[in-house]
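Q: You'll find protein-v4.txt just under this line, and it carries compact mmCIF, C-alpha atoms and all ligand atoms.
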# COMPACT_ATOMS: atom_id res chain seq x y z
CA MET X 227 9.02 -22.91 -16.86
CA ALA X 228 7.58 -23.95 -13.49
CA LYS X 229 6.32 -20.41 -13.02
CA PHE X 230 4.67 -20.51 -16.45
CA ILE X 231 2.84 -23.74 -15.59
CA GLN X 232 1.82 -22.27 -12.24
CA ARG X 233 0.31 -19.30 -14.04
CA LEU X 234 -1.44 -21.56 -16.53
CA VAL X 235 -2.99 -23.55 -13.67
CA LYS X 236 -4.04 -20.31 -12.01
CA LEU X 237 -5.67 -19.19 -15.26
CA LYS X 238 -7.47 -22.54 -15.59
CA ILE X 239 -8.82 -22.19 -12.05
CA ILE X 240 -9.95 -18.64 -12.72
CA SER X 241 -11.76 -19.61 -15.95
CA PHE X 242 -13.38 -22.54 -14.12
CA LEU X 243 -14.64 -20.15 -11.43
CA LEU X 244 -15.88 -17.82 -14.15
CA LEU X 245 -18.05 -20.63 -15.49
CA LEU X 246 -19.36 -21.38 -11.99
CA SER X 247 -20.51 -17.91 -11.16
CA PRO X 248 -20.08 -14.55 -12.83
CA THR X 249 -19.84 -12.78 -9.46
CA LEU X 250 -16.86 -14.88 -8.37
CA ALA X 251 -14.97 -13.44 -11.30
CA LEU X 252 -14.76 -10.20 -9.36
CA ALA X 253 -12.76 -11.97 -6.61
CA SER X 254 -13.15 -9.29 -3.97
CA VAL X 255 -10.29 -8.76 -1.53
CA PRO X 256 -11.30 -10.45 1.77
CA ILE X 257 -10.15 -7.67 4.09
CA LYS X 258 -11.01 -7.84 7.80
CA ASN X 259 -12.79 -4.73 9.05
CA THR X 260 -10.14 -2.92 11.14
CA SER X 261 -11.54 0.49 11.94
CA ILE X 262 -8.55 2.02 13.76
CA PRO X 263 -6.02 4.71 12.73
CA GLY X 264 -3.79 3.08 10.10
CA GLY X 265 -6.43 0.41 9.52
CA ILE X 266 -9.01 -0.31 6.84
CA ALA X 267 -12.72 0.12 7.50
CA VAL X 268 -14.83 -2.28 5.45
CA ILE X 269 -18.25 -0.71 4.84
CA ASP X 270 -20.98 -2.83 3.29
CA PHE X 271 -23.67 -1.31 1.12
CA GLU X 272 -26.19 -2.37 -1.49
CA THR X 273 -26.71 -0.97 -4.94
CA ASN X 274 -28.13 -2.00 -8.30
CA HIS X 275 -25.76 0.41 -10.04
CA SER X 276 -23.02 -1.24 -12.11
CA ASN X 277 -20.40 1.42 -11.39
CA PRO X 278 -20.94 3.21 -8.05
CA LYS X 279 -18.35 5.70 -6.73
CA GLY X 280 -17.28 6.27 -3.14
CA TYR X 281 -15.49 9.11 -1.34
CA TYR X 282 -13.90 9.73 2.06
CA SER X 283 -12.89 13.37 2.68
CA ASN X 284 -13.43 13.87 -1.08
CA VAL X 285 -10.82 11.22 -1.95
CA PRO X 286 -12.07 8.40 -4.23
CA LEU X 287 -12.45 5.00 -2.56
CA TYR X 288 -11.73 1.38 -3.46
CA LEU X 289 -15.14 -0.26 -4.06
CA GLN X 290 -15.66 -3.94 -4.66
CA ARG X 291 -18.66 -6.01 -5.56
CA VAL X 292 -18.99 -9.01 -3.22
CA LYS X 293 -22.09 -10.67 -4.63
CA ASN X 294 -25.14 -9.46 -6.56
CA GLN X 295 -26.12 -6.08 -5.05
CA HIS X 296 -23.75 -6.46 -2.11
CA TRP X 297 -20.76 -4.09 -2.38
CA GLN X 298 -18.02 -2.99 -0.02
CA ALA X 299 -16.01 0.20 0.36
CA LEU X 300 -12.46 -0.30 1.65
CA VAL X 301 -11.50 2.86 3.51
CA GLY X 302 -7.90 3.57 4.52
CA ILE X 303 -7.86 5.49 7.81
CA PRO X 304 -4.91 7.90 8.32
CA LEU X 305 -2.63 7.07 11.30
CA LEU X 306 -3.20 10.49 12.88
CA THR X 307 -7.03 10.24 12.75
CA LYS X 308 -8.83 11.07 16.02
CA PRO X 309 -11.20 8.27 17.07
CA GLY X 310 -14.94 8.85 16.62
CA LYS X 311 -17.67 8.86 14.00
CA LYS X 312 -16.67 9.39 10.35
CA GLU X 313 -18.61 9.07 7.13
CA ILE X 314 -18.17 8.13 3.52
CA THR X 315 -20.31 9.12 0.55
CA ILE X 316 -21.54 6.62 -2.02
CA LYS X 317 -22.75 7.95 -5.35
CA ASP X 318 -24.85 5.68 -7.56
CA PHE X 319 -28.29 6.76 -8.75
CA SER X 320 -28.28 9.19 -5.82
CA SER X 321 -25.80 10.23 -3.14
CA ARG X 322 -25.84 8.55 0.30
CA ASN X 323 -23.69 8.88 3.40
CA PHE X 324 -22.61 5.91 5.53
CA GLU X 325 -21.31 6.41 9.07
CA PHE X 326 -18.57 4.35 10.67
CA GLU X 327 -16.70 4.53 13.95
CA VAL X 328 -12.89 4.78 14.21
CA ARG X 329 -11.71 3.08 17.42
CA ASP X 330 -8.74 4.20 19.50
CA TYR X 331 -5.45 2.30 19.16
CA SER X 332 -2.01 2.99 20.66
CA TYR X 333 1.09 2.08 18.67
CA THR X 334 4.43 1.65 20.46
CA GLU X 335 7.35 4.13 20.45
CA GLN X 336 10.73 3.60 18.83
CA HIS X 337 13.90 5.66 19.37
CA ILE X 338 16.46 5.64 16.56
CA THR X 339 20.00 7.07 16.64
CA LEU X 340 21.53 8.16 13.33
CA LYS X 341 25.32 8.68 13.39
CA GLY X 342 28.02 9.95 11.01
CA LYS X 343 26.98 10.38 7.37
CA LYS X 344 23.41 9.30 8.05
CA LYS X 345 22.98 12.34 10.40
CA LYS X 346 22.12 14.48 7.34
CA TYR X 347 18.73 12.79 7.34
CA VAL X 348 17.76 14.24 10.77
CA ASN X 349 18.08 17.92 9.82
CA PRO X 350 18.81 18.13 6.05
CA ASN X 351 20.84 21.16 4.87
CA ALA X 352 19.69 23.72 2.25
CA ALA X 353 20.99 21.73 -0.75
CA HIS X 354 19.25 18.60 0.46
CA MET X 355 16.06 20.61 1.15
CA GLY X 356 16.07 21.71 -2.53
CA ARG X 357 16.21 18.09 -3.62
CA ILE X 358 13.53 17.07 -1.12
CA LYS X 359 11.19 19.83 -2.40
CA LYS X 360 11.70 18.73 -6.02
CA GLU X 361 10.93 15.11 -5.19
CA ARG X 362 7.89 15.83 -3.01
CA PRO X 363 5.33 16.40 -5.85
CA LEU X 364 6.54 13.30 -7.74
CA LEU X 365 6.02 11.15 -4.65
CA SER X 366 2.68 12.69 -3.75
CA ASP X 367 1.36 12.40 -7.32
CA ALA X 368 2.24 8.69 -7.30
CA ARG X 369 0.31 8.24 -4.03
CA LYS X 370 -2.72 9.99 -5.61
CA VAL X 371 -2.93 7.75 -8.70
CA PHE X 372 -6.44 6.35 -9.06
CA SER X 373 -7.13 3.87 -11.85
CA ASP X 374 -10.84 3.18 -12.26
CA ALA X 375 -10.51 -0.59 -12.53
CA ALA X 376 -8.80 -2.93 -10.09
CA LEU X 377 -5.51 -4.25 -11.55
CA SER X 378 -5.05 -7.00 -8.96
CA PHE X 379 -7.45 -9.38 -7.27
CA GLY X 380 -7.43 -11.13 -3.93
CA LEU X 381 -4.97 -10.81 -1.08
CA PHE X 382 -1.31 -9.82 -1.47
CA ASP X 383 1.68 -12.16 -1.16
CA ARG X 384 4.65 -11.16 1.02
CA PRO X 385 7.16 -9.16 -1.07
CA VAL X 386 10.16 -10.76 0.68
CA ASP X 387 10.64 -14.26 2.08
CA GLY X 388 12.35 -12.86 5.20
CA VAL X 389 11.09 -11.90 8.65
CA THR X 390 9.44 -8.57 9.37
CA THR X 391 11.27 -6.23 11.76
CA SER X 392 9.75 -2.78 12.49
CA PRO X 393 5.96 -3.09 12.48
CA PHE X 394 3.57 -0.56 10.97
CA GLY X 395 2.52 2.42 13.11
CA LEU X 396 5.54 2.82 15.43
CA LYS X 397 5.82 6.34 16.88
CA ARG X 398 9.34 7.32 15.80
CA PHE X 399 12.02 9.54 17.30
CA TYR X 400 15.29 10.25 15.43
CA ASN X 401 18.11 11.34 17.77
CA GLY X 402 15.41 12.30 20.28
CA GLU X 403 13.34 14.36 17.82
CA ALA X 404 9.78 13.28 17.11
CA ARG X 405 9.26 12.49 13.44
CA ARG X 406 6.37 11.02 11.48
CA PRO X 407 5.19 7.57 12.60
CA HIS X 408 6.38 4.47 10.76
CA THR X 409 3.92 4.18 7.88
CA GLY X 410 5.33 0.95 6.47
CA LEU X 411 6.26 -2.58 7.36
CA ASP X 412 9.96 -3.53 7.37
CA PHE X 413 11.42 -6.78 6.08
CA ALA X 414 14.93 -7.77 7.09
CA GLY X 415 17.25 -9.16 4.43
CA ASP X 416 20.78 -9.00 3.05
CA VAL X 417 21.62 -6.51 0.31
CA GLY X 418 20.59 -8.16 -2.97
CA THR X 419 17.66 -10.19 -1.60
CA PRO X 420 14.94 -10.22 -4.30
CA ILE X 421 11.75 -8.19 -3.76
CA LYS X 422 8.63 -9.53 -5.48
CA ALA X 423 5.46 -7.79 -6.60
CA PRO X 424 2.85 -8.86 -4.00
CA ALA X 425 0.07 -8.64 -6.61
CA ASP X 426 -0.47 -7.71 -10.25
CA GLY X 427 -0.14 -4.06 -11.12
CA LYS X 428 1.47 -1.33 -13.15
CA ILE X 429 4.73 0.45 -12.29
CA ILE X 430 3.94 4.16 -11.95
CA LEU X 431 7.15 5.64 -10.49
CA THR X 432 10.75 4.59 -9.95
CA GLY X 433 13.74 6.68 -8.88
CA ASP X 434 16.44 7.52 -6.38
CA PHE X 435 14.93 9.80 -3.73
CA PHE X 436 16.58 11.63 -0.79
CA PHE X 437 14.76 9.93 2.11
CA ASN X 438 13.51 6.83 0.29
CA GLY X 439 16.66 5.96 -1.65
CA ASN X 440 15.86 3.69 -4.60
CA GLY X 441 12.11 3.31 -4.77
CA VAL X 442 9.41 1.63 -6.86
CA PHE X 443 5.67 2.43 -6.84
CA ILE X 444 3.07 -0.10 -8.08
CA ASP X 445 -0.52 0.84 -8.92
CA HIS X 446 -2.93 -2.03 -8.15
CA GLY X 447 -5.99 -0.04 -9.22
CA GLN X 448 -8.70 1.99 -7.47
CA GLY X 449 -6.26 3.89 -5.26
CA LEU X 450 -4.43 0.79 -3.99
CA VAL X 451 -0.73 1.60 -4.43
CA SER X 452 2.26 -0.27 -2.96
CA VAL X 453 5.73 1.22 -2.46
CA TYR X 454 9.19 -0.36 -2.01
CA ILE X 455 12.07 1.78 -0.76
CA HIS X 456 15.73 1.71 0.35
CA MET X 457 16.29 -0.73 -2.54
CA ASN X 458 19.74 -1.67 -3.80
CA LYS X 459 18.59 -2.28 -7.40
CA ARG X 460 15.42 -1.28 -9.21
CA LEU X 461 14.56 -3.84 -11.90
CA VAL X 462 11.40 -2.29 -13.38
CA GLU X 463 10.51 0.87 -15.29
CA PRO X 464 7.45 3.16 -15.22
CA GLY X 465 4.64 1.91 -17.47
CA GLN X 466 5.67 -1.74 -17.07
CA LEU X 467 2.98 -4.24 -16.07
CA VAL X 468 3.96 -6.73 -13.36
CA LYS X 469 2.46 -10.02 -12.26
CA GLN X 470 2.25 -11.27 -8.68
CA GLY X 471 5.67 -12.78 -7.87
CA ASP X 472 7.69 -10.85 -10.48
CA ILE X 473 10.99 -9.55 -9.10
CA ILE X 474 10.91 -5.73 -9.05
CA GLY X 475 14.23 -5.05 -7.31
CA THR X 476 16.48 -6.06 -4.44
CA ILE X 477 16.89 -5.14 -0.78
CA GLY X 478 19.39 -2.35 -0.09
CA GLN X 479 20.21 0.42 2.37
CA THR X 480 19.79 3.57 0.24
CA GLY X 481 18.25 6.76 1.72
CA ARG X 482 17.35 7.27 5.39
CA THR X 483 17.98 3.86 6.89
CA THR X 484 20.29 2.39 9.50
CA GLY X 485 20.79 -0.95 7.71
CA PRO X 486 19.63 -3.08 4.77
CA HIS X 487 15.89 -3.75 4.80
CA LEU X 488 12.79 -3.30 2.67
CA HIS X 489 10.42 -0.57 3.84
CA TRP X 490 7.06 -1.54 2.35
CA VAL X 491 4.17 0.91 2.23
CA VAL X 492 0.61 0.25 1.09
CA TYR X 493 -1.63 3.20 0.24
CA LEU X 494 -5.39 3.06 0.01
CA ASN X 495 -7.28 6.30 -0.79
CA GLN X 496 -3.91 8.14 -0.49
CA THR X 497 -3.52 6.83 3.06
CA ALA X 498 -0.74 4.57 4.35
CA VAL X 499 -2.46 1.53 5.90
CA ASN X 500 -1.08 -1.49 7.73
CA PRO X 501 0.23 -3.77 4.92
CA ASN X 502 -0.54 -6.83 7.08
CA LEU X 503 -4.23 -6.22 6.39
CA LEU X 504 -3.61 -6.93 2.68
CA LEU X 505 -1.71 -10.13 3.49
CA GLY X 506 -4.54 -11.73 5.48
CA ASN X 507 -2.89 -14.53 7.43
CA LYS X 508 0.01 -15.06 5.01
ZN ZN D 1 10.47 1.11 7.51
Let me see the file written as structure tokens.
A:
Amino acid sequence: MAKFIQRLVKLKIISFLLLLSPTLALASVPIKNTSIPGGIAVIDFETNHSNPKGYYSNVPLYLQRVKNQHWQALVGIPLLTKPGKKEITIKDFSSRNFEFEVRDYSYTEQHITLKGKKKKYVNPNAAHMGRIKKERPLLSDARKVFSDAALSFGLFDRPVDGVTTSPFGLKRFYNGEARRPHTGLDFAGDVGTPIKAPADGKIILTGDFFFNGNGVFIDHGQGLVSVYIHMNKRLVEPGQLVKQGDIIGTIGQTGRTTGPHLHWVVYLNQTAVNPNLLLGNK
């Protein structure tokens, strides 16, 4: 009941803002420009077009209208990007390129030892490789989902009320072997701790995957996709719409993990970005 009232109040505030100014209704996400590998570049541009499109390396971008003709492109920068000048393309009545600079940033190293049963995750055998290959297209298709309209507005809430452990971007080594960097943010928590949708969205994929264990993918629109893995329970199904704060599952230790935690990934233009950037100062 309390949640219902909260939502009602939220709705009232939103409709009040709608009356104040039509542009406020768009409620752009106030992201800080962080032009580093794993960061989000915020690129301002002006257009009179009502529905401009943006691209980075031919991948569609998240565009938001800030006010009147002032728009922004939010560009996820891959962790393994070399620093230097990059450019995006904006298509409205014509096609224009905008340059931006990716700055250098060094993430710290982490060495992980996997023992016993969990060793299969370091060098998977042939049977496991078959499963991994089958799952790969499902996971990559979910990352590539691009809904034309935004499904959520404003900054994200934290998905778990616990503390964060492994930060985003760590350079990882499993039993001494270099593996892909840590593309998520980890939250500590006991098995069964509820995980909440950080923003409104639509469930696009759920399943039990070899590396990820139990996972849930949420589409927030315009290439903004959030992912929850190593879950104990999944409590949502593909196609379901979720509201910010809805419980989507619980913390577990399924898949390649050394203990119970939530591994949270946020994709923007098919690129894993630092989820902290979506949280603002929360
Ligand atoms: Zn993690």
Q: Please extract the residues at most 6 Å from ligand ZN 1 (chain D), counting only C-alpha atoms and all ligand atoms, and provide them as a compact mmCIF listing (two decimals) with C-alpha atoms, keeping the file's coordinate frame, using the chain letters and residue numbers of this document.
A:
# COMPACT_ATOMS: atom_id res chain seq x y z
CA GLY X 410 5.33 0.95 6.47
CA LEU X 411 6.26 -2.58 7.36
CA ASP X 412 9.96 -3.53 7.37
CA HIS X 489 10.42 -0.57 3.84
Q: Tell me which of X:Lys428, X:Arg291, X:Arg322, X:His296 sits closest to X:Gln470, counting only C-alpha atoms.
A: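 Between X:Lys428, X:Arg291, X:Arg322, X:His296, the residue approaching X:Gln470 most closely is X:Lys428.
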Q: Using only C-alpha atoms for the distances, tell me which of X:Trp297, X:Tyr400, X:Phe319, X:Phe326 is nearest to X:Thr260.
A: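 With only C-alpha atoms as the atom set, the closest residue is X:Phe326.
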Q: Just give me the residues with any atom within 10 Å of (-9.3, -7.7, -10.8), file coordinates, counting all atoms listed in the file, written as a VMD selection string.
A: chain X and resid 251 to 255 290 375 to 380 426 to 427 446 to 447
Q: Taking all listed atoms of stretch 434-443 of chain X, build the axis-aligned box, pad each of the six sides by 6 Å, then write its centre and edge lengths in Å to one decimal as AutoDock Vina command-line options.
A:
--center_x 11.2 --center_y 6.6 --center_z -2.4 --size_x 23.0 --size_y 22.0 --size_z 21.0
Q: Would you kindly return, as a VMD selection string, each protein, DNA or RNA residue with an atom no farther than 9 Å from any atom of X:Phe271, considering all atoms listed in the file and excluding same-chain residues fewer than 6 positions away?
A: chain X and resid 295 to 299 316 324
Q: Hey, which bits of stretch 405-443 of chain X sit within 12 Å of stretch 331-342 of chain X, and for each residue what's the closest pair of atoms and how far apart in Å (one decimal), counting only C-alpha atoms, rows by chain and increasing number, as a Markdown table?
A:
| residue | atom | partner | partner_atom | distance |
| --- | --- | --- | --- | --- |
| X:Arg405 | CA | X:His337 | CA | 10.2 |
| X:Arg406 | CA | X:Gln336 | CA | 11.3 |
| X:Pro407 | CA | X:Glu335 | CA | 8.8 |
| X:His408 | CA | X:Gln336 | CA | 9.2 |
| X:Thr409 | CA | X:Tyr333 | CA | 11.4 |
Q: Residues at most 7 Å from stretch 281-285 of chain X, counting all atoms listed in the file, excluding those fewer than 4 positions away in the same chain, as a PyMOL selection string?
A: chain X and resi 313-316+495
Q: Between atom CA of X:Ile257 and atom CA of X:Gly506, measure the distance and give it in Å to one decimal.
A: 7.1 Å
